[in-house]
file model.tsv (TSV, C-alpha atoms)
chain	number	residue	atom	x	y	z
A	1	MET	CA	112.92	98.69	122.85
A	2	SER	CA	110.35	96.27	121.48
A	3	LEU	CA	106.85	97.42	120.64
A	4	ARG	CA	104.57	95.94	123.28
A	5	VAL	CA	101.25	94.54	122.05
A	6	VAL	CA	98.10	93.22	123.74
A	7	LEU	CA	95.75	90.95	121.77
A	8	ALA	CA	92.03	91.18	122.56
A	9	ASP	CA	89.75	88.63	120.90
A	10	ASP	CA	87.32	86.09	122.31
A	11	HIS	CA	88.49	83.40	119.86
A	12	ASP	CA	91.53	81.49	121.08
A	13	LEU	CA	92.57	80.48	117.57
A	14	VAL	CA	92.57	84.07	116.34
A	15	ARG	CA	94.76	85.18	119.22
A	16	ALA	CA	97.07	82.21	118.72
A	17	GLY	CA	97.48	83.02	115.06
A	18	PHE	CA	98.22	86.67	115.72
A	19	ARG	CA	100.62	85.74	118.52
A	20	VAL	CA	102.60	83.45	116.22
A	21	ILE	CA	102.80	86.07	113.46
A	22	LEU	CA	103.84	88.92	115.73
A	23	GLY	CA	106.12	86.76	117.84
A	24	THR	CA	108.39	86.04	114.87
A	25	GLU	CA	108.88	89.74	114.12
A	26	PRO	CA	111.96	91.49	115.52
A	27	GLY	CA	111.08	94.45	117.71
A	28	ILE	CA	107.53	93.30	118.55
A	29	GLU	CA	106.52	91.55	121.76
A	30	VAL	CA	103.06	90.23	122.69
A	31	VAL	CA	102.82	91.07	126.39
A	32	GLY	CA	99.23	90.03	127.07
A	33	GLU	CA	96.06	88.42	125.75
A	34	ALA	CA	92.44	89.12	126.62
A	35	GLY	CA	89.34	87.05	125.87
A	36	ASP	CA	86.86	89.86	126.51
A	37	GLY	CA	86.68	93.65	126.63
A	38	ALA	CA	86.84	93.99	130.40
A	39	GLU	CA	90.02	91.93	130.51
A	40	ALA	CA	91.45	93.99	127.64
A	41	VAL	CA	90.90	97.21	129.60
A	42	ASP	CA	92.49	95.71	132.71
A	43	LEU	CA	95.55	94.50	130.81
A	44	ALA	CA	95.96	97.77	128.93
A	45	LEU	CA	95.81	99.85	132.11
A	46	ARG	CA	98.20	97.57	133.98
A	47	LEU	CA	100.70	96.83	131.22
A	48	ARG	CA	100.44	100.09	129.24
A	49	PRO	CA	101.28	98.48	125.88
A	50	ASP	CA	102.07	100.49	122.79
A	51	VAL	CA	99.24	98.88	120.79
A	52	VAL	CA	96.09	96.88	121.50
A	53	LEU	CA	94.64	94.80	118.66
A	54	MET	CA	90.95	94.92	119.59
A	55	ASP	CA	88.09	92.75	118.38
A	56	VAL	CA	84.65	94.41	118.46
A	57	GLN	CA	82.22	91.67	119.42
A	58	MET	CA	83.38	90.28	122.76
A	59	PRO	CA	81.70	89.21	126.02
A	60	ARG	CA	81.11	91.47	129.05
A	61	VAL	CA	82.45	94.66	127.47
A	62	ASP	CA	82.57	95.07	123.70
A	63	GLY	CA	85.64	96.32	121.87
A	64	LEU	CA	84.23	99.80	121.28
A	65	GLU	CA	83.59	100.50	124.95
A	66	ALA	CA	86.93	98.92	125.85
A	67	THR	CA	88.61	101.27	123.37
A	68	ARG	CA	86.93	104.29	124.95
A	69	GLN	CA	88.05	103.26	128.42
A	70	ILE	CA	91.62	102.55	127.38
A	71	LEU	CA	92.05	105.82	125.52
A	72	ALA	CA	90.35	107.82	128.28
A	73	ALA	CA	93.12	106.71	130.63
A	74	GLY	CA	95.59	108.77	128.60
A	75	HIS	CA	98.53	106.37	128.82
A	76	GLY	CA	99.42	106.69	125.13
A	77	THR	CA	98.25	103.21	124.15
A	78	ARG	CA	96.88	103.11	120.62
A	79	VAL	CA	94.12	100.79	119.44
A	80	VAL	CA	93.65	98.98	116.15
A	81	ILE	CA	90.14	97.61	115.65
A	82	LEU	CA	89.82	94.09	114.24
A	83	THR	CA	86.80	94.12	111.98
A	84	THR	CA	84.85	92.78	109.06
A	85	PHE	CA	82.82	94.57	106.43
A	86	ASP	CA	79.43	93.54	107.74
A	87	ARG	CA	78.98	96.27	110.36
A	88	GLU	CA	80.04	99.69	109.11
A	89	ASP	CA	78.42	101.32	112.15
A	90	TYR	CA	81.08	99.64	114.30
A	91	LEU	CA	83.78	101.35	112.29
A	92	PHE	CA	82.24	104.78	112.61
A	93	GLU	CA	81.79	104.32	116.36
A	94	ALA	CA	85.40	103.21	116.62
A	95	LEU	CA	86.49	106.44	114.93
A	96	GLN	CA	84.51	108.40	117.46
A	97	ALA	CA	86.04	106.35	120.26
A	98	GLY	CA	89.50	107.35	119.07
A	99	ALA	CA	90.79	104.16	117.42
A	100	SER	CA	93.93	104.67	115.37
A	101	GLY	CA	93.12	102.15	112.68
A	102	PHE	CA	91.21	99.19	111.33
A	103	LEU	CA	92.41	95.77	110.34
A	104	LEU	CA	90.38	93.19	108.46
A	105	LYS	CA	90.39	89.76	110.07
A	106	ASN	CA	91.40	88.23	106.76
A	107	ALA	CA	94.38	90.57	106.46
A	108	SER	CA	97.75	89.16	105.48
A	109	PRO	CA	100.46	88.57	108.09
A	110	GLU	CA	102.38	91.45	106.54
A	111	ASP	CA	99.41	93.78	107.03
A	112	LEU	CA	99.08	92.70	110.66
A	113	VAL	CA	102.72	93.52	111.39
A	114	GLU	CA	102.53	96.79	109.48
A	115	SER	CA	99.41	97.86	111.39
A	116	VAL	CA	101.26	97.53	114.69
A	117	ARG	CA	104.28	99.45	113.45
A	118	VAL	CA	102.23	102.20	111.80
A	119	VAL	CA	100.04	103.07	114.77
A	120	ALA	CA	102.87	102.66	117.28
A	121	ARG	CA	104.78	105.45	115.59
A	122	GLY	CA	101.77	107.73	115.88
A	123	ASP	CA	100.24	107.40	112.42
A	124	ALA	CA	96.75	106.23	111.54
A	125	LEU	CA	96.15	102.99	109.67
A	126	LEU	CA	93.97	103.88	106.70
A	127	SER	CA	92.90	100.78	104.86
A	128	PRO	CA	91.21	102.13	101.72
A	129	GLU	CA	88.77	99.19	101.55
A	130	VAL	CA	87.54	99.84	105.05
A	131	THR	CA	87.75	103.61	105.14
A	132	ARG	CA	85.72	104.10	101.98
A	133	ARG	CA	82.95	101.93	103.35
A	134	VAL	CA	82.78	104.00	106.53
A	135	ILE	CA	82.88	107.39	104.90
A	136	ALA	CA	80.33	106.41	102.25
A	137	ARG	CA	77.65	107.36	104.77
A	138	PHE	CA	78.65	110.98	104.28
A	139	SER	CA	76.98	111.71	100.95
A	140	ALA	CA	77.62	115.45	101.29
A	141	VAL	CA	74.42	116.22	99.42
A	142	GLY	CA	74.07	119.92	98.68
A	143	LYS	CA	77.49	120.80	100.07
A	144	GLN	CA	80.09	122.63	98.02
A	145	ARG	CA	83.67	121.56	97.64
A	146	THR	CA	85.19	124.61	99.31
A	147	ARG	CA	88.53	125.11	100.96
A	148	PRO	CA	88.47	125.65	104.73
A	149	PRO	CA	89.61	129.26	105.28
A	150	SER	CA	92.48	128.21	107.53
A	151	LEU	CA	94.14	126.10	104.83
A	152	THR	CA	96.34	127.27	101.98
A	153	ASP	CA	95.60	126.04	98.47
A	154	ARG	CA	98.42	123.50	98.72
A	155	GLU	CA	97.27	122.26	102.13
A	156	PHE	CA	93.77	121.87	100.71
A	157	GLU	CA	95.15	119.71	97.88
A	158	VAL	CA	96.93	117.56	100.46
A	159	LEU	CA	93.68	117.19	102.43
A	160	VAL	CA	91.87	116.00	99.30
A	161	GLU	CA	94.54	113.35	98.71
A	162	LEU	CA	94.39	112.33	102.37
A	163	ALA	CA	90.66	111.81	102.00
A	164	LYS	CA	91.34	109.31	99.24
A	165	GLY	CA	93.46	107.25	101.64
A	166	ALA	CA	96.73	108.21	99.94
A	167	SER	CA	100.04	107.66	101.70
A	168	ASN	CA	102.67	110.41	101.93
A	169	ALA	CA	104.53	108.85	99.02
A	170	GLU	CA	101.37	108.76	96.90
A	171	ILE	CA	100.54	112.37	97.78
A	172	ALA	CA	104.07	113.41	96.86
A	173	ALA	CA	103.76	111.72	93.47
A	174	ALA	CA	100.31	113.20	92.77
A	175	LEU	CA	101.28	116.75	93.71
A	176	PHE	CA	104.91	116.64	92.55
A	177	LEU	CA	106.27	117.33	96.01
A	178	GLY	CA	108.97	115.80	98.18
A	179	GLU	CA	107.82	113.41	100.91
A	180	THR	CA	109.32	115.65	103.60
A	181	THR	CA	107.28	118.57	102.28
A	182	VAL	CA	104.16	116.42	102.24
A	183	LYS	CA	104.74	115.37	105.84
A	184	THR	CA	104.98	119.03	106.83
A	185	HIS	CA	101.76	119.87	104.99
A	186	VAL	CA	99.93	116.94	106.62
A	187	SER	CA	101.02	118.11	110.08
A	188	ARG	CA	99.83	121.64	109.34
A	189	VAL	CA	96.47	120.42	108.02
A	190	LEU	CA	95.85	118.38	111.16
A	191	ALA	CA	96.93	121.24	113.44
A	192	LYS	CA	94.89	123.91	111.67
A	193	LEU	CA	91.73	121.80	111.58
A	194	GLY	CA	92.17	120.50	115.13
A	195	LEU	CA	92.23	116.88	113.99
A	196	ARG	CA	93.95	114.08	115.90
A	197	ASP	CA	95.25	112.03	112.99
A	198	ARG	CA	94.87	111.11	109.33
A	199	THR	CA	91.81	108.98	109.95
A	200	HIS	CA	89.91	111.94	111.34
A	201	ALA	CA	91.12	114.10	108.45
A	202	VAL	CA	89.39	111.63	106.11
A	203	VAL	CA	86.13	111.81	108.05
A	204	PHE	CA	86.33	115.63	108.20
A	205	ALA	CA	86.79	115.85	104.44
A	206	TYR	CA	83.75	113.69	103.75
A	207	GLU	CA	81.58	115.36	106.37
A	208	GLN	CA	82.37	118.76	104.86
A	209	GLY	CA	81.73	117.62	101.29
A	210	ILE	CA	85.34	118.29	100.30
A	211	VAL	CA	85.40	114.81	98.82
A	212	THR	CA	82.36	112.62	98.15
A	213	PRO	CA	82.15	108.82	97.89
A	214	GLY	CA	83.63	107.74	94.62
A	215	GLY	CA	85.12	111.19	94.05
call {"tool": "encode", "arguments": {"input": "model.tsv", "output": "structure tokens"}}
result
Amino acid sequence: MSLRVVLADDHDLVRAGFRVILGTEPGIEVVGEAGDGAEAVDLALRLRPDVVLMDVQMPRVDGLEATRQILAAGHGTRVVILTTFDREDYLFEALQAGASGFLLKNASPEDLVESVRVVARGDALLSPEVTRRVIARFSAVGKQRTRPPSLTDREFEVLVELAKGASNAEIAAALFLGETTVKTHVSRVLAKLGLRDRTHAVVFAYEQGIVTPGG
């Protein structure tokens, strides 16, 4: 079955561009478009798409509140926030709201398609450029780089690599492991720490001082 996507942005040209890009991809179908947050919530609850591409600054209801409402419904829809670098507080709030990823509005068509596929399969979209800006607010001053007691040494190493925005393949290369083994370690890290996805593992690592900005 095709991945079903709703586009939420108050600019018609942006939606049109995204619709054209996604519409040419096999296995992806744009099933609805919203010009404001309230409409995005309504469409998401009625259509139950796999993914909503959500702008932040929209009339009536902003993208952050719309994300909260959509995810609170518990239908399994995942949200990718469309953003720019100028408001890092939006990104942090989106994390708290439960967004699965972030996409820059100047992203390439390939990145747009990949974002839909990545979050639809249950992974988080960790754009290093965006993620590092968000987590830079966690300076971890005075905290020690200590391993959470629930993690093994190897799981701790995987968490550190996750915090750098590394993919499974990159973690495997850095730690000389197979990708299947890395995937198992990532799942265990998330389960042991009670984290929803990779994005929240990154935030956890920076909040706890396991990794600091630039390190």
call {"tool": "atom_distance", "arguments": {"input": "model.tsv", "atom1": "atom CA of Arg198 of chain A", "atom2": "atom CA of Arg19 of chain A"}}
result
27.6 Å
call {"tool": "closest_residue", "arguments": {"input": "model.tsv", "among": "A:Ile28, A:Ala166, A:Leu3, A:Val52", "to": "Arg15 of chain A", "atoms": "all atoms listed in the file"}}
result
A:Val52
call {"tool": "closest_residue", "arguments": {"input": "model.tsv", "among": "A:Asp111, A:Leu193, A:Gly165, A:Tyr206", "to": "Thr152 of chain A", "atoms": "only C-alpha atoms"}}
result
A:Leu193
call {"tool": "atom_distance", "arguments": {"input": "model.tsv", "atom1": "atom CA of Gly35 of chain A", "atom2": "atom CA of Pro59 of chain A"}}
result
7.9 Å
call {"tool": "atom_distance", "arguments": {"input": "model.tsv", "atom1": "atom CA of Asp9 of chain A", "atom2": "atom CA of Gly37 of chain A"}}
result
8.2 Å
call {"tool": "residues_around", "arguments": {"input": "model.tsv", "residues": "Glu161 of chain A", "least_positions_apart": "3", "cutoff": "12 Å", "atoms": "all atoms listed in the file", "output": "JSON, numbers by chain"}}
result
{"A": [154, 155, 156, 157, 158, 164, 165, 166, 167, 168, 169, 170, 171, 172, 173, 174, 175, 182, 185, 186, 189, 198, 201, 202, 205, 206, 210, 211, 215]}
call {"tool": "closest_residue", "arguments": {"input": "model.tsv", "among": "A:His75, A:Glu65, A:Val31, A:Gly17", "to": "Leu45 of chain A", "atoms": "all atoms listed in the file"}}
result
A:His75
call {"tool": "residues_around", "arguments": {"input": "model.tsv", "residues": "Asp50 of chain A", "least_positions_apart": "4", "cutoff": "7 Å", "atoms": "only C-alpha atoms", "output": "ChimeraX atom specification"}}
result
/A:3-5,77-78,120
call {"tool": "write_last_selection", "arguments": {"input": "model.tsv", "atoms": "C-alpha atoms", "output": "PDB file, in the coordinates of the input"}}
result
ATOM      1  CA  LEU A   3     106.850  97.420 120.640  1.00  0.00           C
ATOM      2  CA  ARG A   4     104.570  95.940 123.280  1.00  0.00           C
ATOM      3  CA  VAL A   5     101.250  94.540 122.050  1.00  0.00           C
ATOM      4  CA  THR A  77      98.250 103.210 124.150  1.00  0.00           C
ATOM      5  CA  ARG A  78      96.880 103.110 120.620  1.00  0.00           C
ATOM      6  CA  ALA A 120     102.870 102.660 117.280  1.00  0.00           C
TER       7      ALA A 120
END
call {"tool": "residues_around", "arguments": {"input": "model.tsv", "residues": "segment 96-104 of chain A", "least_positions_apart": "3", "cutoff": "10 Å", "atoms": "only C-alpha atoms", "output": "VMD selection string"}}
result
chain A and resid 51 to 55 64 to 72 77 to 85 90 to 93 107 to 108 111 to 112 115 to 116 118 to 120 122 to 127 129 to 131 196 to 200
call {"tool": "closest_residue", "arguments": {"input": "model.tsv", "among": "A:Gly63, A:Glu29, A:Asn106, A:Leu47", "to": "Ala8 of chain A", "atoms": "only C-alpha atoms"}}
result
A:Gly63
call {"tool": "closest_residue", "arguments": {"input": "model.tsv", "among": "A:Ala73, A:Val160, A:Val20, A:Val6", "to": "Pro109 of chain A", "atoms": "all atoms listed in the file"}}
result
A:Val20
call {"tool": "axis_aligned_box", "arguments": {"input": "model.tsv", "around": "segment 177-192 of chain A", "padding_each_side": "8 Å", "output": "lines of an AutoDock Vina configuration file"}}
result
center_x = 102.1
center_y = 118.7
center_z = 104.7
size_x = 30.4
size_y = 26.5
size_z = 33.4
